[in-house]
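Asker: Structure file run.cif, mmCIF, C-alpha atoms, is pasted below:
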data_data
#
loop_
_atom_site.group_PDB
_atom_site.id
_atom_site.type_symbol
_atom_site.label_atom_id
_atom_site.label_comp_id
_atom_site.auth_asym_id
_atom_site.auth_seq_id
_atom_site.Cartn_x
_atom_site.Cartn_y
_atom_site.Cartn_z
ATOM 1 C CA MET A 409 63.162 206.366 -178.001
ATOM 2 C CA ASP A 410 59.589 207.639 -177.815
ATOM 3 C CA ARG A 411 59.682 211.473 -177.597
ATOM 4 C CA THR A 412 56.411 211.473 -175.639
ATOM 5 C CA GLU A 413 57.558 208.968 -173.008
ATOM 6 C CA LEU A 414 57.542 210.514 -169.555
ATOM 7 C CA LEU A 415 60.864 210.312 -167.719
ATOM 8 C CA PRO A 416 61.079 210.555 -163.935
ATOM 9 C CA MET A 417 62.079 213.881 -162.430
ATOM 10 C CA SER A 418 64.078 214.286 -159.230
ATOM 11 C CA ASP A 419 62.766 214.271 -155.677
ATOM 12 C CA LEU A 420 63.765 217.931 -155.499
ATOM 13 C CA CYS A 421 61.583 218.715 -158.509
ATOM 14 C CA ARG A 422 58.669 216.910 -156.887
ATOM 15 C CA GLU A 423 59.196 218.860 -153.682
ATOM 16 C CA LEU A 424 59.654 222.306 -155.263
ATOM 17 C CA TYR A 425 57.260 222.156 -158.213
ATOM 18 C CA GLY A 426 54.968 219.172 -157.705
ATOM 19 C CA LEU A 427 56.211 217.452 -160.867
ATOM 20 C CA SER A 428 57.333 213.863 -161.044
ATOM 21 C CA ALA A 429 57.816 213.260 -164.784
ATOM 22 C CA ALA A 430 58.466 215.077 -168.052
ATOM 23 C CA THR A 431 59.263 214.104 -171.604
ATOM 24 C CA ARG A 432 62.836 214.147 -172.919
ATOM 25 C CA GLU A 433 61.741 216.884 -175.312
ATOM 26 C CA ALA A 434 60.278 218.894 -172.409
ATOM 27 C CA PHE A 435 63.601 218.763 -170.561
ATOM 28 C CA LEU A 436 65.444 219.752 -173.732
ATOM 29 C CA ASN A 437 63.132 222.577 -174.754
ATOM 30 C CA TYR A 438 62.897 223.975 -171.227
ATOM 31 C CA GLY A 439 66.666 224.373 -171.150
ATOM 32 C CA LYS A 440 66.752 225.765 -174.672
ATOM 33 C CA ALA A 441 64.068 228.322 -173.789
ATOM 34 C CA LEU A 442 66.145 229.413 -170.797
ATOM 35 C CA MET A 443 69.158 229.815 -173.080
ATOM 36 C CA VAL A 444 67.135 232.034 -175.433
ATOM 37 C CA ILE A 445 66.144 234.227 -172.494
ATOM 38 C CA ALA A 446 69.585 234.408 -170.855
ATOM 39 C CA GLY A 447 71.269 234.877 -174.239
ATOM 40 C CA ALA A 448 69.340 238.059 -175.002
ATOM 41 C CA ASP A 449 72.476 240.109 -174.317
ATOM 42 C CA GLY A 450 74.229 238.238 -177.136
ATOM 43 C CA GLU A 451 75.809 235.430 -175.136
ATOM 44 C CA VAL A 452 75.127 232.670 -172.685
ATOM 45 C CA SER A 453 78.083 233.139 -170.377
ATOM 46 C CA GLU A 454 79.900 230.206 -168.796
ATOM 47 C CA PRO A 455 78.327 230.891 -165.358
ATOM 48 C CA GLU A 456 74.873 231.031 -166.972
ATOM 49 C CA LEU A 457 75.458 227.741 -168.793
ATOM 50 C CA ASP A 458 76.828 226.216 -165.583
ATOM 51 C CA TRP A 459 73.678 227.384 -163.760
ATOM 52 C CA LEU A 460 71.499 225.740 -166.431
ATOM 53 C CA ILE A 461 73.399 222.460 -166.341
ATOM 54 C CA ASP A 462 73.296 222.329 -162.541
ATOM 55 C CA HIS A 463 69.606 223.212 -162.511
ATOM 56 C CA GLN A 464 68.695 220.601 -165.095
ATOM 57 C CA ARG A 465 70.708 217.905 -163.299
ATOM 58 C CA ARG A 466 68.963 218.772 -160.043
ATOM 59 C CA MET A 467 65.602 218.450 -161.812
ATOM 60 C CA GLY A 468 66.517 215.033 -163.206
ATOM 61 C CA ALA A 469 67.264 215.818 -166.843
ATOM 62 C CA PRO A 470 69.095 213.003 -168.661
ATOM 63 C CA GLU A 471 72.798 213.646 -169.287
ATOM 64 C CA ASP A 472 72.420 213.241 -173.059
ATOM 65 C CA VAL A 473 69.881 216.089 -173.033
ATOM 66 C CA ILE A 474 72.161 218.284 -170.926
ATOM 67 C CA GLU A 475 75.016 217.750 -173.389
ATOM 68 C CA LEU A 476 72.854 219.106 -176.213
ATOM 69 C CA TYR A 477 72.729 222.541 -174.540
ATOM 70 C CA ARG A 478 76.412 223.071 -175.277
ATOM 71 C CA GLU A 479 75.801 222.931 -179.033
ATOM 72 C CA PHE A 480 72.451 224.745 -179.109
ATOM 73 C CA ASP A 481 72.304 227.952 -181.196
ATOM 74 C CA PHE A 482 70.142 230.124 -178.952
ATOM 75 C CA ARG A 483 70.521 233.149 -181.265
ATOM 76 C CA SER A 484 68.453 231.561 -184.032
ATOM 77 C CA ALA A 485 65.870 229.872 -181.796
ATOM 78 C CA ASP A 486 62.275 230.987 -181.353
ATOM 79 C CA LEU A 487 60.436 230.588 -178.059
ATOM 80 C CA ASP A 488 57.214 229.921 -179.970
ATOM 81 C CA ASP A 489 58.780 226.761 -181.381
ATOM 82 C CA LEU A 490 60.124 225.541 -178.042
ATOM 83 C CA LEU A 491 57.183 226.044 -175.708
ATOM 84 C CA PRO A 492 54.583 223.584 -177.068
ATOM 85 C CA ALA A 493 56.789 220.547 -176.392
ATOM 86 C CA ILE A 494 57.256 221.305 -172.690
ATOM 87 C CA ARG A 495 54.940 218.662 -171.238
ATOM 88 C CA THR A 496 54.894 217.133 -167.775
ATOM 89 C CA ASP A 497 52.800 214.655 -165.820
ATOM 90 C CA VAL A 498 50.660 217.447 -164.334
ATOM 91 C CA GLU A 499 48.114 218.561 -166.916
ATOM 92 C CA ASN A 500 47.388 221.974 -165.407
ATOM 93 C CA TRP A 501 51.081 222.823 -164.852
ATOM 94 C CA GLN A 502 52.128 225.860 -166.852
ATOM 95 C CA ALA A 503 55.731 226.235 -167.952
ATOM 96 C CA ALA A 504 55.480 230.000 -168.461
ATOM 97 C CA PRO A 505 55.857 231.360 -164.908
ATOM 98 C CA HIS A 506 58.556 228.776 -164.175
ATOM 99 C CA LEU A 507 60.491 229.799 -167.297
ATOM 100 C CA VAL A 508 60.268 233.459 -166.291
ATOM 101 C CA TYR A 509 61.475 232.675 -162.756
ATOM 102 C CA HIS A 510 64.316 230.431 -163.916
ATOM 103 C CA GLY A 511 65.151 232.839 -166.752
ATOM 104 C CA ILE A 512 65.702 235.613 -164.198
ATOM 105 C CA LYS A 513 67.885 233.339 -162.076
ATOM 106 C CA MET A 514 69.924 232.048 -165.018
ATOM 107 C CA ALA A 515 70.404 235.484 -166.584
ATOM 108 C CA GLY A 516 71.809 236.775 -163.300
ATOM 109 C CA ALA A 517 74.020 233.754 -162.642
ATOM 110 C CA ASP A 518 77.070 235.568 -164.009
ATOM 111 C CA GLY A 519 76.546 238.476 -161.600
ATOM 112 C CA VAL A 520 75.131 240.731 -164.306
ATOM 113 C CA TYR A 521 71.442 240.894 -165.108
ATOM 114 C CA ALA A 522 71.772 242.987 -168.257
ATOM 115 C CA GLU A 523 69.024 245.297 -169.456
ATOM 116 C CA GLU A 524 68.765 243.188 -172.626
ATOM 117 C CA GLU A 525 68.175 240.093 -170.490
ATOM 118 C CA ARG A 526 65.578 241.900 -168.362
ATOM 119 C CA ALA A 527 63.826 243.063 -171.536
ATOM 120 C CA GLN A 528 63.940 239.528 -172.988
ATOM 121 C CA VAL A 529 62.461 238.108 -169.770
ATOM 122 C CA LEU A 530 59.591 240.575 -170.114
ATOM 123 C CA ARG A 531 59.183 239.826 -173.850
ATOM 124 C CA ALA A 532 59.195 236.091 -173.168
ATOM 125 C CA ALA A 533 56.713 236.505 -170.329
ATOM 126 C CA ARG A 534 54.334 238.501 -172.522
ATOM 127 C CA LEU A 535 54.727 235.984 -175.359
ATOM 128 C CA MET A 536 53.782 233.214 -172.919
ATOM 129 C CA GLY A 537 50.889 235.174 -171.413
ATOM 130 C CA VAL A 538 52.470 235.911 -168.021
ATOM 131 C CA PRO A 539 51.071 239.237 -166.761
ATOM 132 C CA ASP A 540 53.505 242.062 -165.973
ATOM 133 C CA ASP A 541 52.532 242.061 -162.283
ATOM 134 C CA ILE A 542 53.495 238.392 -162.014
ATOM 135 C CA VAL A 543 56.831 239.143 -163.714
ATOM 136 C CA LEU A 544 57.412 241.922 -161.178
ATOM 137 C CA SER A 545 56.552 239.501 -158.367
ATOM 138 C CA LEU A 546 58.926 236.868 -159.765
ATOM 139 C CA HIS A 547 61.733 239.442 -159.843
ATOM 140 C CA ALA A 548 60.949 240.288 -156.207
ATOM 141 C CA LEU A 549 60.959 236.580 -155.301
ATOM 142 C CA VAL A 550 64.409 236.101 -156.846
ATOM 143 C CA ASP A 551 65.667 239.176 -154.956
ATOM 144 C CA MET A 552 64.216 237.887 -151.671
ATOM 145 C CA GLU A 553 65.739 234.445 -152.184
ATOM 146 C CA GLN A 554 69.141 236.047 -152.775
ATOM 147 C CA ALA A 555 68.731 238.158 -149.627
ATOM 148 C CA VAL A 556 67.894 235.040 -147.592
ATOM 149 C CA HIS A 557 70.902 233.241 -149.075
ATOM 150 C CA ASP A 558 73.155 236.188 -148.184
ATOM 151 C CA LEU A 559 71.723 236.381 -144.653
ATOM 152 C CA ARG A 560 72.267 232.651 -144.108
ATOM 153 C CA ALA A 561 75.843 232.980 -145.362
ATOM 154 C CA ALA A 562 76.481 235.913 -143.011
ATOM 155 C CA LEU A 563 74.947 234.159 -140.002
ATOM 156 C CA PHE A 564 76.943 230.995 -140.520
ATOM 157 C CA HIS A 565 80.110 232.794 -141.712
ATOM 158 C CA VAL A 566 79.991 231.106 -145.083
ATOM 159 C CA SER A 567 81.986 232.686 -147.837
ATOM 160 C CA SER A 568 81.926 231.526 -151.424
ATOM 161 C CA ALA A 569 85.062 233.529 -152.189
ATOM 162 C CA PRO A 570 88.319 231.576 -151.978
ATOM 163 C CA ASP A 571 90.840 232.605 -149.346
ATOM 164 C CA VAL A 572 93.682 234.622 -150.816
ATOM 165 C CA ASP A 573 97.095 234.267 -149.226
#
Written as structure tokens, how would this file's structure read?

Answerer:
Amino acid sequence: MDRTELLPMSDLCRELYGLSAATREAFLNYGKALMVIAGADGEVSEPELDWLIDHQRRMGAPEDVIELYREFDFRSADLDDLLPAIRTDVENWQAAPHLVYHGIKMAGADGVYAEEERAQVLRAARLMGVPDDIVLSLHALVDMEQAVHDLRAALFHVSSAPDVD
């Protein structure tokens, strides 16, 4: 298969990010980059990996790409090697702020946003040229989204915790 062939992305991806296609390698490297960021504390926990898999499915990543995340060695990977291959159908789209945003979300998916993960998000952002004020704003956005989620759950009496008898 041609590594530069653009594959369709999901309707959700079009709605949220204005993207309709990406290369197989872009899908793969985007997920790998997120694993490098979330794995800064020494592991990509099961909830973090589950978050990544769910996210990538919702964006339209092919299943064979998603399966490759399970065997990826994030400890020996370098963001510099992963970033250039993240290409979409929108020429002026920049992966960097999206990776920072999704890195924050993935790193906190296990309920713990470790200092090492926070530091790696900042290192990755600086490596990719995302200014510190934008990183701060992305952290605030993630916090606000969680607050809205919690408010919605409270208003509609939704609980994600199982009932214990």

Asker: Evaluate the PyMOL selection byres ((chain A and resi 544) around 12) and record the selected residues as number ranges by chain, following the chain and residue labels used in the document.

Answerer: A: 505, 508-509, 512, 526, 529-530, 533, 538-543, 545-551

Asker: So which residues get picked by the PyMOL selection byres ((chain A and resi 461-474) around 7) here, written as a ChimeraX atom specification?

Answerer: /A:417-418,420-421,435-436,457-460,475-477

Asker: Show me as a VMD selection string the residues that reach within 8 Å of (55.4, 217.5, -169.8), counting all atoms listed in the file and using the file's own coordinates.

Answerer: chain A and resid 414 429 to 431 434 493 to 499

Asker: Generate a file of the selected residues that holds C-alpha atoms, formatted as a PDB file, in the coordinates of the input.

Answerer:
ATOM      1  CA  LEU A 414      57.542 210.514-169.555  1.00  0.00           C
ATOM      2  CA  ALA A 429      57.816 213.260-164.784  1.00  0.00           C
ATOM      3  CA  ALA A 430      58.466 215.077-168.052  1.00  0.00           C
ATOM      4  CA  THR A 431      59.263 214.104-171.604  1.00  0.00           C
ATOM      5  CA  ALA A 434      60.278 218.894-172.409  1.00  0.00           C
ATOM      6  CA  ALA A 493      56.789 220.547-176.392  1.00  0.00           C
ATOM      7  CA  ILE A 494      57.256 221.305-172.690  1.00  0.00           C
ATOM      8  CA  ARG A 495      54.940 218.662-171.238  1.00  0.00           C
ATOM      9  CA  THR A 496      54.894 217.133-167.775  1.00  0.00           C
ATOM     10  CA  ASP A 497      52.800 214.655-165.820  1.00  0.00           C
ATOM     11  CA  VAL A 498      50.660 217.447-164.334  1.00  0.00           C
ATOM     12  CA  GLU A 499      48.114 218.561-166.916  1.00  0.00           C
TER      13      GLU A 499
END

Asker: In terms of the shortest atom-to-atom distance over all atoms listed in the file, which of A:Met552, A:Ala527, A:Val452, A:Leu415 is closest to A:Asp481?

Answerer: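 Looking at the shortest contact to A:Asp481, the residue is A:Val452.
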
Asker: Could you write out as a VMD selection string the residues that the PyMOL selection byres ((chain A and resi 536) around 9) matches in the shown file?

Answerer: chain A and resid 487 to 488 491 503 to 505 531 to 535 537 to 538

Asker: Please, what distance in Å, to one decimal, runs between atom CA of A:Ala517 and atom CA of A:Ala562?

Answerer: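 One can read the atom CA of A:Ala517 to atom CA of A:Ala562 distance as 19.9 Å.
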
Asker: Rounded to one decimal, what separation in Å do you get between atom CA of A:Asp558 and atom CA of A:Gly519?

Answerer: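 Straight-line distance from atom CA of A:Asp558 to atom CA of A:Gly519 works out to 14.0 Å.
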
Asker: So how far away is atom CA of A:Leu507 from atom CA of A:Glu479, in Å?

Answerer: 20.5 Å

Asker: Taking all heavy atoms as the atom set, what does stretch 498-509 of chain A look like once completed, written as a PDB file, keeping the file's coordinate frame?

Answerer:
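And here's selection.pdb as it stands now:
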ATOM      1  N   VAL A 498      51.722 216.674-164.967  1.00  0.00           N
ATOM      2  CA  VAL A 498      50.660 217.447-164.334  1.00  0.00           C
ATOM      3  C   VAL A 498      49.993 218.295-165.421  1.00  0.00           C
ATOM      4  O   VAL A 498      50.593 219.237-165.929  1.00  0.00           O
ATOM      5  CB  VAL A 498      51.217 218.338-163.201  1.00  0.00           C
ATOM      6  CG1 VAL A 498      50.120 219.186-162.580  1.00  0.00           C
ATOM      7  CG2 VAL A 498      51.904 217.480-162.144  1.00  0.00           C
ATOM      8  N   GLU A 499      48.778 217.930-165.777  1.00  0.00           N
ATOM      9  CA  GLU A 499      48.114 218.561-166.916  1.00  0.00           C
ATOM     10  C   GLU A 499      47.936 220.061-166.773  1.00  0.00           C
ATOM     11  O   GLU A 499      48.041 220.801-167.738  1.00  0.00           O
ATOM     12  CB  GLU A 499      46.755 217.906-167.173  1.00  0.00           C
ATOM     13  CG  GLU A 499      46.874 216.611-167.943  1.00  0.00           C
ATOM     14  CD  GLU A 499      45.526 216.106-168.412  1.00  0.00           C
ATOM     15  OE1 GLU A 499      44.679 216.918-168.801  1.00  0.00           O
ATOM     16  OE2 GLU A 499      45.346 214.884-168.374  1.00  0.00           O
ATOM     17  N   ASN A 500      47.653 220.546-165.568  1.00  0.00           N
ATOM     18  CA  ASN A 500      47.388 221.974-165.407  1.00  0.00           C
ATOM     19  C   ASN A 500      48.653 222.780-165.088  1.00  0.00           C
ATOM     20  O   ASN A 500      48.590 223.978-164.856  1.00  0.00           O
ATOM     21  CB  ASN A 500      46.323 222.214-164.331  1.00  0.00           C
ATOM     22  CG  ASN A 500      46.757 221.744-162.962  1.00  0.00           C
ATOM     23  OD1 ASN A 500      47.741 221.035-162.809  1.00  0.00           O
ATOM     24  ND2 ASN A 500      45.989 222.139-161.954  1.00  0.00           N
ATOM     25  N   TRP A 501      49.830 222.115-165.082  1.00  0.00           N
ATOM     26  CA  TRP A 501      51.081 222.823-164.852  1.00  0.00           C
ATOM     27  C   TRP A 501      51.387 223.697-166.058  1.00  0.00           C
ATOM     28  O   TRP A 501      51.255 223.268-167.206  1.00  0.00           O
ATOM     29  CB  TRP A 501      52.214 221.817-164.635  1.00  0.00           C
ATOM     30  CG  TRP A 501      53.550 222.451-164.366  1.00  0.00           C
ATOM     31  CD1 TRP A 501      53.987 222.944-163.176  1.00  0.00           C
ATOM     32  CD2 TRP A 501      54.614 222.654-165.297  1.00  0.00           C
ATOM     33  NE1 TRP A 501      55.259 223.435-163.305  1.00  0.00           N
ATOM     34  CE2 TRP A 501      55.676 223.273-164.594  1.00  0.00           C
ATOM     35  CE3 TRP A 501      54.782 222.367-166.644  1.00  0.00           C
ATOM     36  CZ2 TRP A 501      56.868 223.614-165.200  1.00  0.00           C
ATOM     37  CZ3 TRP A 501      55.972 222.703-167.256  1.00  0.00           C
ATOM     38  CH2 TRP A 501      57.006 223.317-166.539  1.00  0.00           C
ATOM     39  N   GLN A 502      51.788 224.922-165.789  1.00  0.00           N
ATOM     40  CA  GLN A 502      52.128 225.860-166.852  1.00  0.00           C
ATOM     41  C   GLN A 502      53.615 226.188-166.798  1.00  0.00           C
ATOM     42  O   GLN A 502      54.122 226.620-165.762  1.00  0.00           O
ATOM     43  CB  GLN A 502      51.321 227.158-166.699  1.00  0.00           C
ATOM     44  CG  GLN A 502      49.818 226.960-166.805  1.00  0.00           C
ATOM     45  CD  GLN A 502      49.414 226.500-168.195  1.00  0.00           C
ATOM     46  OE1 GLN A 502      49.868 227.055-169.192  1.00  0.00           O
ATOM     47  NE2 GLN A 502      48.579 225.481-168.265  1.00  0.00           N
ATOM     48  N   ALA A 503      54.290 225.979-167.895  1.00  0.00           N
ATOM     49  CA  ALA A 503      55.731 226.235-167.952  1.00  0.00           C
ATOM     50  C   ALA A 503      56.058 227.718-167.843  1.00  0.00           C
ATOM     51  O   ALA A 503      57.112 228.084-167.318  1.00  0.00           O
ATOM     52  CB  ALA A 503      56.301 225.676-169.261  1.00  0.00           C
ATOM     53  N   ALA A 504      55.174 228.575-168.311  1.00  0.00           N
ATOM     54  CA  ALA A 504      55.480 230.000-168.461  1.00  0.00           C
ATOM     55  C   ALA A 504      56.015 230.678-167.194  1.00  0.00           C
ATOM     56  O   ALA A 504      57.102 231.265-167.236  1.00  0.00           O
ATOM     57  CB  ALA A 504      54.267 230.740-169.017  1.00  0.00           C
ATOM     58  N   PRO A 505      55.302 230.650-166.071  1.00  0.00           N
ATOM     59  CA  PRO A 505      55.857 231.360-164.908  1.00  0.00           C
ATOM     60  C   PRO A 505      57.165 230.740-164.413  1.00  0.00           C
ATOM     61  O   PRO A 505      58.050 231.456-163.931  1.00  0.00           O
ATOM     62  CB  PRO A 505      54.753 231.276-163.852  1.00  0.00           C
ATOM     63  CG  PRO A 505      53.830 230.204-164.306  1.00  0.00           C
ATOM     64  CD  PRO A 505      53.986 230.086-165.787  1.00  0.00           C
ATOM     65  N   HIS A 506      57.313 229.442-164.569  1.00  0.00           N
ATOM     66  CA  HIS A 506      58.556 228.776-164.175  1.00  0.00           C
ATOM     67  C   HIS A 506      59.709 229.229-165.074  1.00  0.00           C
ATOM     68  O   HIS A 506      60.824 229.475-164.588  1.00  0.00           O
ATOM     69  CB  HIS A 506      58.400 227.255-164.257  1.00  0.00           C
ATOM     70  CG  HIS A 506      57.414 226.714-163.281  1.00  0.00           C
ATOM     71  ND1 HIS A 506      57.754 226.331-162.008  1.00  0.00           N
ATOM     72  CD2 HIS A 506      56.080 226.513-163.384  1.00  0.00           C
ATOM     73  CE1 HIS A 506      56.672 225.906-161.357  1.00  0.00           C
ATOM     74  NE2 HIS A 506      55.653 226.007-162.181  1.00  0.00           N
ATOM     75  N   LEU A 507      59.451 229.336-166.373  1.00  0.00           N
ATOM     76  CA  LEU A 507      60.491 229.799-167.297  1.00  0.00           C
ATOM     77  C   LEU A 507      60.902 231.232-166.985  1.00  0.00           C
ATOM     78  O   LEU A 507      62.082 231.570-167.062  1.00  0.00           O
ATOM     79  CB  LEU A 507      60.003 229.697-168.745  1.00  0.00           C
ATOM     80  CG  LEU A 507      60.129 228.321-169.366  1.00  0.00           C
ATOM     81  CD1 LEU A 507      59.313 228.232-170.653  1.00  0.00           C
ATOM     82  CD2 LEU A 507      61.586 227.971-169.635  1.00  0.00           C
ATOM     83  N   VAL A 508      59.939 232.077-166.638  1.00  0.00           N
ATOM     84  CA  VAL A 508      60.268 233.459-166.291  1.00  0.00           C
ATOM     85  C   VAL A 508      61.152 233.471-165.040  1.00  0.00           C
ATOM     86  O   VAL A 508      62.203 234.113-165.008  1.00  0.00           O
ATOM     87  CB  VAL A 508      58.993 234.303-166.091  1.00  0.00           C
ATOM     88  CG1 VAL A 508      59.330 235.686-165.527  1.00  0.00           C
ATOM     89  CG2 VAL A 508      58.227 234.431-167.403  1.00  0.00           C
ATOM     90  N   TYR A 509      60.721 232.746-164.014  1.00  0.00           N
ATOM     91  CA  TYR A 509      61.475 232.675-162.756  1.00  0.00           C
ATOM     92  C   TYR A 509      62.889 232.144-162.991  1.00  0.00           C
ATOM     93  O   TYR A 509      63.878 232.763-162.581  1.00  0.00           O
ATOM     94  CB  TYR A 509      60.709 231.777-161.780  1.00  0.00           C
ATOM     95  CG  TYR A 509      61.465 231.378-160.548  1.00  0.00           C
ATOM     96  CD1 TYR A 509      61.671 232.285-159.510  1.00  0.00           C
ATOM     97  CD2 TYR A 509      61.963 230.086-160.402  1.00  0.00           C
ATOM     98  CE1 TYR A 509      62.359 231.913-158.367  1.00  0.00           C
ATOM     99  CE2 TYR A 509      62.645 229.708-159.261  1.00  0.00           C
ATOM    100  CZ  TYR A 509      62.847 230.621-158.243  1.00  0.00           C
ATOM    101  OH  TYR A 509      63.529 230.257-157.117  1.00  0.00           O
TER     102      TYR A 509
END
